Amino acid sequence: MAVEIEETMLVRVQAEDFSVDEEINRVRARSTRIGGIATFLGTVRDRSKGRDVRLLTFEHYEGMAQKKLREIRERALQDFDVIEVLVLHRYGAIEIGENVVLIVVGAEHRADAFRACEWCIDELKKITPIWKLEETPEGDVWVEEHP
Amino acid sequence: MAVEIEETMLVRVQAEDFSVDEEINRVRARSTRIGGIATFLGTVRDRSKGRDVRLLTFEHYEGMAQKKLREIRERALQDFDVIEVLVLHRYGAIEIGENVVLIVVGAEHRADAFRACEWCIDELKKITPIWKLEETPEGDVWVEEHP
Amino acid sequence: MLSIKLFGMVKTLAQQQKELSLEFVDGQKVEDLVEVLRAQYPEIGELVLKKKVLISVNQEISHPDTVISTADEVALLPPFAGGSLEANSKGKMKNAKVSR
Amino acid sequence: MLSIKLFGMVKTLAQQQKELSLEFVDGQKVEDLVEVLRAQYPEIGELVLKKKVLISVNQEISHPDTVISTADEVALLPPFAGGSLEANSKGKMKNAKVSR
């Protein structure tokens, strides 16, 4: 039961902002064997494909988005020599400079942590049903590609 | 003057622990063009080369250590397509699971952030005059290699 | 009847409806659903035909011969924010403008 | 006199002294300093000769023919915690035991 609750915290889609320290601490708490923690934090840029951006709104497919993020965590734990993986994505309106997505990977050795962390964010962007509406001076556009 | 003060905060050797959120915010504050922040956090593992470790004590060459970390930041900014780099190392006694070293790299695109972040930590471990005393059940040993 | 969840620019193309309800015979295939969409929502049907919008069945990407029960959870998935599925090559699709 | 900063296991080998003071003629080279060390601190001198301990002059790694002024900041650098300099191949050096 405890493990289930923990796993729920390790894969989340939420509207609220998050603290990187708190999320890193969830990963760190899993094992004293962890010596390296690689993190990727995606934030909102003020430019996208040459357009100015004022605000982003993320929409997700509730249920399927979480399912795909769980798959990513499980595949990373299976395919890389890492100890714990946390995957977190926000939805709703997010302003310039604010947090959108976070991957945290703890491993004994740093090279494994980096490999897995980069794989997770690449895979997340490929398979997770999340969409992004950009508010620009020329109007609002749904975009396919993340900057 | 303002820039000098900021740069001092972006390369530090200190005894105190740090908050990853605060350090990420220093990097994020540099530009709204930043869309990806790659971070590496090194922590103390409870094992090193098959030995149990109870405590680590880091000693640094004051002056030269900072100089080498500044060089790493400047070379990363020059050689990679990144916007800001922060390099931070602690000294003194550090317990199992606690923070030792932090690299934060902000870039427009995530691949550049990852490349530069991994280069920085690899380079730091090669050229920075910092030494590590391991307290183990068999006695205290100065070690050459970081886990 | 079959309920179909809509997201992003597909929802915009359907006048902000979150779900479509279509007449659909239990046990037909995804390729049959594409024909229904083309008849009733030509703009959306065309995007599906070109694989720019994918169809998921029970939260997994479907194939043309995937069988659909009217109890299944079906959704139309425009290209994801993070990039594109294998079926979508980058940058081919124009962004859909939203009028407010 | 020339002051030499000591760190890590070299400091341990010198009975926890943080600095050595050696008789040294201004303008001699690093290779001359190595000879002085070998004569007065044979254990440390040997490690320097084998390039397991490096000599820095004004916070940069020196070469045998680097000229030293007695005003320079000189230090003996055992292998770093993070790994080894080019001159040190990994794992060759035994860890120095510290008696408390």
# chains A, B, ... in the order shown; residues from 1 in each chain; ligands from 1

call {"tool": "residues_around", "arguments": {"residues": "C:Val48", "least_positions_apart": "3", "cutoff": "9 Å", "atoms": "only C-alpha atoms", "output": "PyMOL selection string"}}
result
chain C and resi 34+37-38+43-45+51-55+76+78

call {"tool": "write_last_selection", "arguments": {"atoms": "N, CA and C atoms", "output": "short mmCIF file (atom, residue, chain, number, x, y, z; two decimals), in the first residue's frame"}}
result
data_model
loop_
_atom_site.label_atom_id
_atom_site.label_comp_id
_atom_site.auth_asym_id
_atom_site.auth_seq_id
_atom_site.Cartn_x
_atom_site.Cartn_y
_atom_site.Cartn_z
N VAL C 34 -13.56 5.94 -39.32
CA VAL C 34 -13.00 7.02 -40.15
C VAL C 34 -14.02 7.43 -41.21
N LEU C 37 -16.73 9.50 -39.64
CA LEU C 37 -16.23 10.86 -39.37
C LEU C 37 -16.16 11.69 -40.66
N ARG C 38 -15.68 11.08 -41.73
CA ARG C 38 -15.55 11.81 -43.00
C ARG C 38 -16.92 12.30 -43.48
N GLU C 43 -13.91 17.86 -42.15
CA GLU C 43 -12.59 18.47 -41.86
C GLU C 43 -11.78 17.57 -40.93
N ILE C 44 -12.44 17.07 -39.88
CA ILE C 44 -11.77 16.17 -38.94
C ILE C 44 -11.46 14.83 -39.61
N GLY C 45 -12.43 14.32 -40.38
CA GLY C 45 -12.23 13.04 -41.08
C GLY C 45 -11.01 13.06 -41.98
N LYS C 51 -3.67 10.69 -41.20
CA LYS C 51 -2.92 10.29 -39.99
C LYS C 51 -2.32 11.48 -39.25
N LYS C 52 -2.87 12.65 -39.47
CA LYS C 52 -2.42 13.80 -38.70
C LYS C 52 -3.13 13.82 -37.36
N VAL C 53 -4.30 13.26 -37.35
CA VAL C 53 -5.01 13.03 -36.10
C VAL C 53 -5.14 11.52 -35.94
N LEU C 54 -4.74 11.01 -34.77
CA LEU C 54 -4.80 9.57 -34.53
C LEU C 54 -6.01 9.22 -33.69
N ILE C 55 -6.42 7.97 -33.79
CA ILE C 55 -7.55 7.48 -33.00
C ILE C 55 -7.01 6.54 -31.92
N LEU C 76 -9.92 11.17 -30.27
CA LEU C 76 -9.18 11.68 -31.43
C LEU C 76 -8.02 12.52 -30.91
N PRO C 78 -4.97 14.92 -31.77
CA PRO C 78 -4.15 15.73 -32.68
C PRO C 78 -2.68 15.60 -32.26
#

call {"tool": "interface_residues", "arguments": {"of": "chain B", "to": "chain D", "cutoff": "12 Å", "atoms": "only C-alpha atoms", "output": "PyMOL selection string"}}
result
chain B and resi 42+49+56-68+71+89+91+100-101+121-136+138-147

call {"tool": "residues_around", "arguments": {"residues": "A:Glu118", "least_positions_apart": "6", "cutoff": "9 Å", "atoms": "only C-alpha atoms", "output": "PyMOL selection string"}}
result
(chain A and resi 38-40+103) or (chain B and resi 110-111+114)

call {"tool": "write_last_selection", "arguments": {"atoms": "all heavy atoms", "output": "PDB file, in the first residue's frame"}}
result
ATOM      1  N   ALA A  38      20.092  13.296 -11.952  1.00  0.00           N
ATOM      2  CA  ALA A  38      19.985  14.161 -13.134  1.00  0.00           C
ATOM      3  C   ALA A  38      18.541  14.621 -13.244  1.00  0.00           C
ATOM      4  O   ALA A  38      17.611  13.836 -13.053  1.00  0.00           O
ATOM      5  CB  ALA A  38      20.398  13.416 -14.400  1.00  0.00           C
ATOM      6  N   THR A  39      18.378  15.905 -13.516  1.00  0.00           N
ATOM      7  CA  THR A  39      17.051  16.504 -13.549  1.00  0.00           C
ATOM      8  C   THR A  39      16.873  17.285 -14.842  1.00  0.00           C
ATOM      9  O   THR A  39      17.800  17.953 -15.296  1.00  0.00           O
ATOM     10  CB  THR A  39      16.906  17.467 -12.353  1.00  0.00           C
ATOM     11  OG1 THR A  39      17.039  16.724 -11.153  1.00  0.00           O
ATOM     12  CG2 THR A  39      15.580  18.170 -12.360  1.00  0.00           C
ATOM     13  N   PHE A  40      15.685  17.185 -15.423  1.00  0.00           N
ATOM     14  CA  PHE A  40      15.347  18.096 -16.518  1.00  0.00           C
ATOM     15  C   PHE A  40      14.094  18.863 -16.119  1.00  0.00           C
ATOM     16  O   PHE A  40      13.085  18.269 -15.729  1.00  0.00           O
ATOM     17  CB  PHE A  40      15.089  17.360 -17.838  1.00  0.00           C
ATOM     18  CG  PHE A  40      14.669  18.329 -18.903  1.00  0.00           C
ATOM     19  CD1 PHE A  40      15.604  19.132 -19.532  1.00  0.00           C
ATOM     20  CD2 PHE A  40      13.336  18.500 -19.237  1.00  0.00           C
ATOM     21  CE1 PHE A  40      15.223  20.075 -20.474  1.00  0.00           C
ATOM     22  CE2 PHE A  40      12.944  19.431 -20.181  1.00  0.00           C
ATOM     23  CZ  PHE A  40      13.891  20.224 -20.801  1.00  0.00           C
ATOM     24  N   ILE A 103      11.599  15.952 -14.932  1.00  0.00           N
ATOM     25  CA  ILE A 103      12.052  14.558 -14.863  1.00  0.00           C
ATOM     26  C   ILE A 103      13.174  14.538 -13.834  1.00  0.00           C
ATOM     27  O   ILE A 103      14.076  15.370 -13.894  1.00  0.00           O
ATOM     28  CB  ILE A 103      12.647  14.079 -16.218  1.00  0.00           C
ATOM     29  CG1 ILE A 103      11.720  14.355 -17.386  1.00  0.00           C
ATOM     30  CG2 ILE A 103      13.060  12.609 -16.132  1.00  0.00           C
ATOM     31  CD1 ILE A 103      10.586  13.403 -17.558  1.00  0.00           C
TER      32      ILE A 103
ATOM     33  N   ARG B 110      16.705  21.573 -25.009  1.00  0.00           N
ATOM     34  CA  ARG B 110      17.142  20.650 -23.975  1.00  0.00           C
ATOM     35  C   ARG B 110      18.410  19.866 -24.317  1.00  0.00           C
ATOM     36  O   ARG B 110      19.206  19.568 -23.422  1.00  0.00           O
ATOM     37  CB  ARG B 110      16.010  19.696 -23.591  1.00  0.00           C
ATOM     38  CG  ARG B 110      15.587  18.709 -24.647  1.00  0.00           C
ATOM     39  CD  ARG B 110      14.406  17.885 -24.145  1.00  0.00           C
ATOM     40  NE  ARG B 110      13.991  16.863 -25.072  1.00  0.00           N
ATOM     41  CZ  ARG B 110      13.168  17.061 -26.097  1.00  0.00           C
ATOM     42  NH1 ARG B 110      12.692  18.265 -26.345  1.00  0.00           N
ATOM     43  NH2 ARG B 110      12.836  16.047 -26.895  1.00  0.00           N
ATOM     44  N   ALA B 111      18.606  19.524 -25.581  1.00  0.00           N
ATOM     45  CA  ALA B 111      19.785  18.722 -25.924  1.00  0.00           C
ATOM     46  C   ALA B 111      21.063  19.476 -25.563  1.00  0.00           C
ATOM     47  O   ALA B 111      22.015  18.891 -25.034  1.00  0.00           O
ATOM     48  CB  ALA B 111      19.771  18.353 -27.407  1.00  0.00           C
ATOM     49  N   PHE B 114      21.570  19.410 -21.726  1.00  0.00           N
ATOM     50  CA  PHE B 114      22.104  18.121 -21.262  1.00  0.00           C
ATOM     51  C   PHE B 114      23.596  17.978 -21.586  1.00  0.00           C
ATOM     52  O   PHE B 114      24.384  17.583 -20.725  1.00  0.00           O
ATOM     53  CB  PHE B 114      21.342  16.952 -21.907  1.00  0.00           C
ATOM     54  CG  PHE B 114      20.074  16.570 -21.198  1.00  0.00           C
ATOM     55  CD1 PHE B 114      18.837  16.762 -21.793  1.00  0.00           C
ATOM     56  CD2 PHE B 114      20.110  15.996 -19.939  1.00  0.00           C
ATOM     57  CE1 PHE B 114      17.663  16.396 -21.152  1.00  0.00           C
ATOM     58  CE2 PHE B 114      18.946  15.619 -19.284  1.00  0.00           C
ATOM     59  CZ  PHE B 114      17.719  15.825 -19.888  1.00  0.00           C
TER      60      PHE B 114
END

call {"tool": "atom_distance", "arguments": {"atom1": "atom CA of D:Tyr41", "atom2": "atom CA of D:Leu13"}}
result
9.0 Å

call {"tool": "atom_distance", "arguments": {"atom1": "atom CA of A:Arg28", "atom2": "atom CA of B:Gln14"}}
result
21.6 Å

call {"tool": "residues_around", "arguments": {"residues": "A:Leu88", "least_positions_apart": "3", "cutoff": "6 Å", "atoms": "only C-alpha atoms", "output": "PyMOL selection string"}}
result
chain A and resi 11-13+101-102

call {"tool": "closest_atom_pairs", "arguments": {"of": "chain A", "to": "chain B", "cutoff": "8 Å", "atoms": "only C-alpha atoms", "output": "JSON lines"}}
result
{"residue": "A:Ser19", "atom": "CA", "partner": "B:Asp21", "partner_atom": "CA", "distance": 6.6}
{"residue": "A:Val20", "atom": "CA", "partner": "B:Asp21", "partner_atom": "CA", "distance": 5.7}
{"residue": "A:Asp21", "atom": "CA", "partner": "B:Val20", "partner_atom": "CA", "distance": 5.7}
{"residue": "A:Arg28", "atom": "CA", "partner": "B:Gly97", "partner_atom": "CA", "distance": 7.1}
{"residue": "A:Thr32", "atom": "CA", "partner": "B:Arg45", "partner_atom": "CA", "distance": 5.7}
{"residue": "A:Arg33", "atom": "CA", "partner": "B:Arg45", "partner_atom": "CA", "distance": 5.1}
{"residue": "A:Ile34", "atom": "CA", "partner": "B:Arg45", "partner_atom": "CA", "distance": 5.8}
{"residue": "A:Gly35", "atom": "CA", "partner": "B:Thr43", "partner_atom": "CA", "distance": 4.8}
{"residue": "A:Gly36", "atom": "CA", "partner": "B:Gly42", "partner_atom": "CA", "distance": 4.6}
{"residue": "A:Ile37", "atom": "CA", "partner": "B:Leu41", "partner_atom": "CA", "distance": 5.0}
{"residue": "A:Ala38", "atom": "CA", "partner": "B:Phe40", "partner_atom": "CA", "distance": 4.7}
{"residue": "A:Thr39", "atom": "CA", "partner": "B:Thr39", "partner_atom": "CA", "distance": 4.9}
{"residue": "A:Phe40", "atom": "CA", "partner": "B:Ala38", "partner_atom": "CA", "distance": 4.7}
{"residue": "A:Leu41", "atom": "CA", "partner": "B:Ile37", "partner_atom": "CA", "distance": 5.0}
{"residue": "A:Gly42", "atom": "CA", "partner": "B:Gly36", "partner_atom": "CA", "distance": 4.6}
{"residue": "A:Thr43", "atom": "CA", "partner": "B:Gly35", "partner_atom": "CA", "distance": 4.8}
{"residue": "A:Val44", "atom": "CA", "partner": "B:Gly35", "partner_atom": "CA", "distance": 5.7}
{"residue": "A:Arg45", "atom": "CA", "partner": "B:Gly35", "partner_atom": "CA", "distance": 5.0}
{"residue": "A:Asp46", "atom": "CA", "partner": "B:Thr32", "partner_atom": "CA", "distance": 5.8}
{"residue": "A:Arg47", "atom": "CA", "partner": "B:Arg33", "partner_atom": "CA", "distance": 6.8}
{"residue": "A:Ile96", "atom": "CA", "partner": "B:Thr32", "partner_atom": "CA", "distance": 6.8}
{"residue": "A:Gly97", "atom": "CA", "partner": "B:Thr32", "partner_atom": "CA", "distance": 5.8}
{"residue": "A:Glu108", "atom": "CA", "partner": "B:Arg45", "partner_atom": "CA", "distance": 7.7}
{"residue": "A:His109", "atom": "CA", "partner": "B:Pro147", "partner_atom": "CA", "distance": 7.0}
{"residue": "A:Phe114", "atom": "CA", "partner": "B:Glu118", "partner_atom": "CA", "distance": 7.4}
{"residue": "A:Glu118", "atom": "CA", "partner": "B:Phe114", "partner_atom": "CA", "distance": 7.4}
{"residue": "A:Pro147", "atom": "CA", "partner": "B:His109", "partner_atom": "CA", "distance": 7.1}

call {"tool": "select_by_dssp", "arguments": {"residues": "chain B", "states": "alpha helix (DSSP H)", "output": "compact mmCIF listing (two decimals) with N, CA and C atoms, in the first residue's frame"}}
result
# COMPACT_ATOMS: atom_id res chain seq x y z
N ALA B 2 26.68 44.87 -10.89
CA ALA B 2 25.59 43.91 -10.66
C ALA B 2 25.96 42.55 -11.26
N VAL B 3 26.54 42.59 -12.44
CA VAL B 3 26.91 41.36 -13.12
C VAL B 3 27.98 40.60 -12.32
N GLU B 4 28.95 41.36 -11.80
CA GLU B 4 30.00 40.71 -11.00
C GLU B 4 29.41 39.98 -9.80
N ILE B 5 28.50 40.64 -9.12
CA ILE B 5 27.87 40.03 -7.95
C ILE B 5 27.13 38.76 -8.38
N GLU B 6 26.41 38.85 -9.48
CA GLU B 6 25.69 37.68 -9.95
C GLU B 6 26.64 36.54 -10.28
N GLU B 7 27.75 36.87 -10.96
CA GLU B 7 28.68 35.81 -11.34
C GLU B 7 29.28 35.13 -10.13
N THR B 8 29.48 35.90 -9.07
CA THR B 8 29.98 35.32 -7.82
C THR B 8 29.00 34.26 -7.31
N MET B 9 27.72 34.51 -7.46
CA MET B 9 26.73 33.56 -7.00
C MET B 9 26.63 32.34 -7.92
N LEU B 10 27.09 32.47 -9.14
CA LEU B 10 26.96 31.38 -10.11
C LEU B 10 28.10 30.38 -10.05
N VAL B 20 18.12 23.46 -4.38
CA VAL B 20 18.17 23.34 -5.84
C VAL B 20 17.22 24.35 -6.48
N ASP B 21 16.04 24.55 -5.88
CA ASP B 21 15.10 25.54 -6.42
C ASP B 21 15.72 26.93 -6.49
N GLU B 22 16.38 27.33 -5.42
CA GLU B 22 16.99 28.67 -5.42
C GLU B 22 18.06 28.79 -6.50
N GLU B 23 18.86 27.75 -6.65
CA GLU B 23 19.94 27.81 -7.64
C GLU B 23 19.37 27.79 -9.06
N ILE B 24 18.33 26.98 -9.28
CA ILE B 24 17.68 26.97 -10.60
C ILE B 24 17.09 28.35 -10.89
N ASN B 25 16.56 29.00 -9.86
CA ASN B 25 15.95 30.32 -10.09
C ASN B 25 16.98 31.37 -10.48
N ARG B 26 18.22 31.24 -9.98
CA ARG B 26 19.27 32.17 -10.40
C ARG B 26 19.51 32.03 -11.91
N VAL B 27 19.51 30.78 -12.37
CA VAL B 27 19.77 30.51 -13.79
C VAL B 27 18.58 30.96 -14.63
N ARG B 28 17.39 30.61 -14.19
CA ARG B 28 16.17 30.94 -14.91
C ARG B 28 16.02 32.46 -15.07
N MET B 64 42.23 28.25 -5.94
CA MET B 64 42.38 27.47 -7.16
C MET B 64 41.09 26.72 -7.49
N ALA B 65 40.41 26.21 -6.48
CA ALA B 65 39.15 25.49 -6.73
C ALA B 65 38.15 26.43 -7.41
N GLN B 66 37.98 27.62 -6.86
CA GLN B 66 37.05 28.60 -7.45
C GLN B 66 37.48 28.97 -8.87
N LYS B 67 38.80 29.13 -9.05
CA LYS B 67 39.31 29.50 -10.37
C LYS B 67 38.96 28.43 -11.41
N LYS B 68 39.13 27.17 -11.04
CA LYS B 68 38.83 26.09 -11.98
C LYS B 68 37.33 26.01 -12.27
N LEU B 69 36.52 26.24 -11.25
CA LEU B 69 35.06 26.21 -11.47
C LEU B 69 34.63 27.37 -12.38
N ARG B 70 35.26 28.53 -12.20
CA ARG B 70 34.95 29.67 -13.09
C ARG B 70 35.34 29.33 -14.53
N GLU B 71 36.50 28.69 -14.69
CA GLU B 71 36.93 28.29 -16.04
C GLU B 71 35.91 27.34 -16.68
N ILE B 72 35.41 26.41 -15.87
CA ILE B 72 34.43 25.44 -16.39
C ILE B 72 33.18 26.16 -16.87
N ARG B 73 32.68 27.10 -16.05
CA ARG B 73 31.48 27.85 -16.44
C ARG B 73 31.73 28.62 -17.74
N GLU B 74 32.89 29.29 -17.80
CA GLU B 74 33.16 30.12 -18.98
C GLU B 74 33.33 29.28 -20.24
N ARG B 75 34.01 28.15 -20.11
CA ARG B 75 34.18 27.28 -21.28
C ARG B 75 32.83 26.69 -21.72
N ALA B 76 31.98 26.35 -20.78
CA ALA B 76 30.66 25.81 -21.14
C ALA B 76 29.84 26.86 -21.88
N LEU B 77 29.89 28.10 -21.40
CA LEU B 77 29.12 29.18 -22.05
C LEU B 77 29.65 29.45 -23.46
N GLN B 78 30.96 29.22 -23.63
CA GLN B 78 31.58 29.49 -24.93
C GLN B 78 31.38 28.33 -25.91
N ASP B 79 31.49 27.12 -25.41
CA ASP B 79 31.53 25.95 -26.31
C ASP B 79 30.17 25.31 -26.58
N ARG B 110 16.70 21.57 -25.01
CA ARG B 110 17.14 20.65 -23.98
C ARG B 110 18.41 19.87 -24.32
N ALA B 111 18.61 19.52 -25.58
CA ALA B 111 19.78 18.72 -25.92
C ALA B 111 21.06 19.48 -25.56
N ASP B 112 21.08 20.78 -25.83
CA ASP B 112 22.26 21.59 -25.49
C ASP B 112 22.46 21.65 -23.98
N ALA B 113 21.35 21.77 -23.25
CA ALA B 113 21.45 21.84 -21.78
C ALA B 113 22.04 20.55 -21.23
N PHE B 114 21.57 19.41 -21.73
CA PHE B 114 22.10 18.12 -21.26
C PHE B 114 23.60 17.98 -21.59
N ARG B 115 23.95 18.27 -22.85
CA ARG B 115 25.36 18.13 -23.24
C ARG B 115 26.27 18.94 -22.34
N ALA B 116 25.91 20.21 -22.15
CA ALA B 116 26.77 21.11 -21.37
C ALA B 116 26.82 20.68 -19.90
N CYS B 117 25.69 20.25 -19.36
CA CYS B 117 25.63 19.86 -17.95
C CYS B 117 26.54 18.65 -17.70
N GLU B 118 26.46 17.68 -18.59
CA GLU B 118 27.29 16.49 -18.40
C GLU B 118 28.78 16.82 -18.59
N TRP B 119 29.06 17.70 -19.56
CA TRP B 119 30.46 18.11 -19.75
C TRP B 119 30.99 18.80 -18.49
N CYS B 120 30.20 19.68 -17.91
CA CYS B 120 30.63 20.44 -16.72
C CYS B 120 30.98 19.50 -15.56
N ILE B 121 30.12 18.53 -15.28
CA ILE B 121 30.40 17.68 -14.13
C ILE B 121 31.60 16.77 -14.42
N ASP B 122 31.73 16.30 -15.66
CA ASP B 122 32.90 15.49 -16.01
C ASP B 122 34.18 16.30 -15.84
N GLU B 123 34.14 17.53 -16.34
CA GLU B 123 35.32 18.40 -16.29
C GLU B 123 35.63 18.78 -14.83
N LEU B 124 34.60 19.10 -14.09
CA LEU B 124 34.79 19.44 -12.67
C LEU B 124 35.55 18.34 -11.95
N LYS B 125 35.15 17.10 -12.20
CA LYS B 125 35.77 15.99 -11.51
C LYS B 125 37.22 15.76 -11.96
N LYS B 126 37.53 16.24 -13.16
CA LYS B 126 38.91 16.10 -13.66
C LYS B 126 39.85 17.18 -13.13
N ILE B 127 39.39 18.42 -13.12
CA ILE B 127 40.35 19.51 -12.94
C ILE B 127 40.22 20.31 -11.64

call {"tool": "residues_around", "arguments": {"residues": "C:Lys29", "least_positions_apart": "5", "cutoff": "7 Å", "atoms": "only C-alpha atoms", "output": "list of chain:residue names"}}
result
C:Pro64, C:Asp65, C:Thr66, C:Val67, C:Ile68

call {"tool": "atom_distance", "arguments": {"atom1": "atom CA of D:Leu20", "atom2": "atom CA of D:Leu49"}}
result
17.7 Å
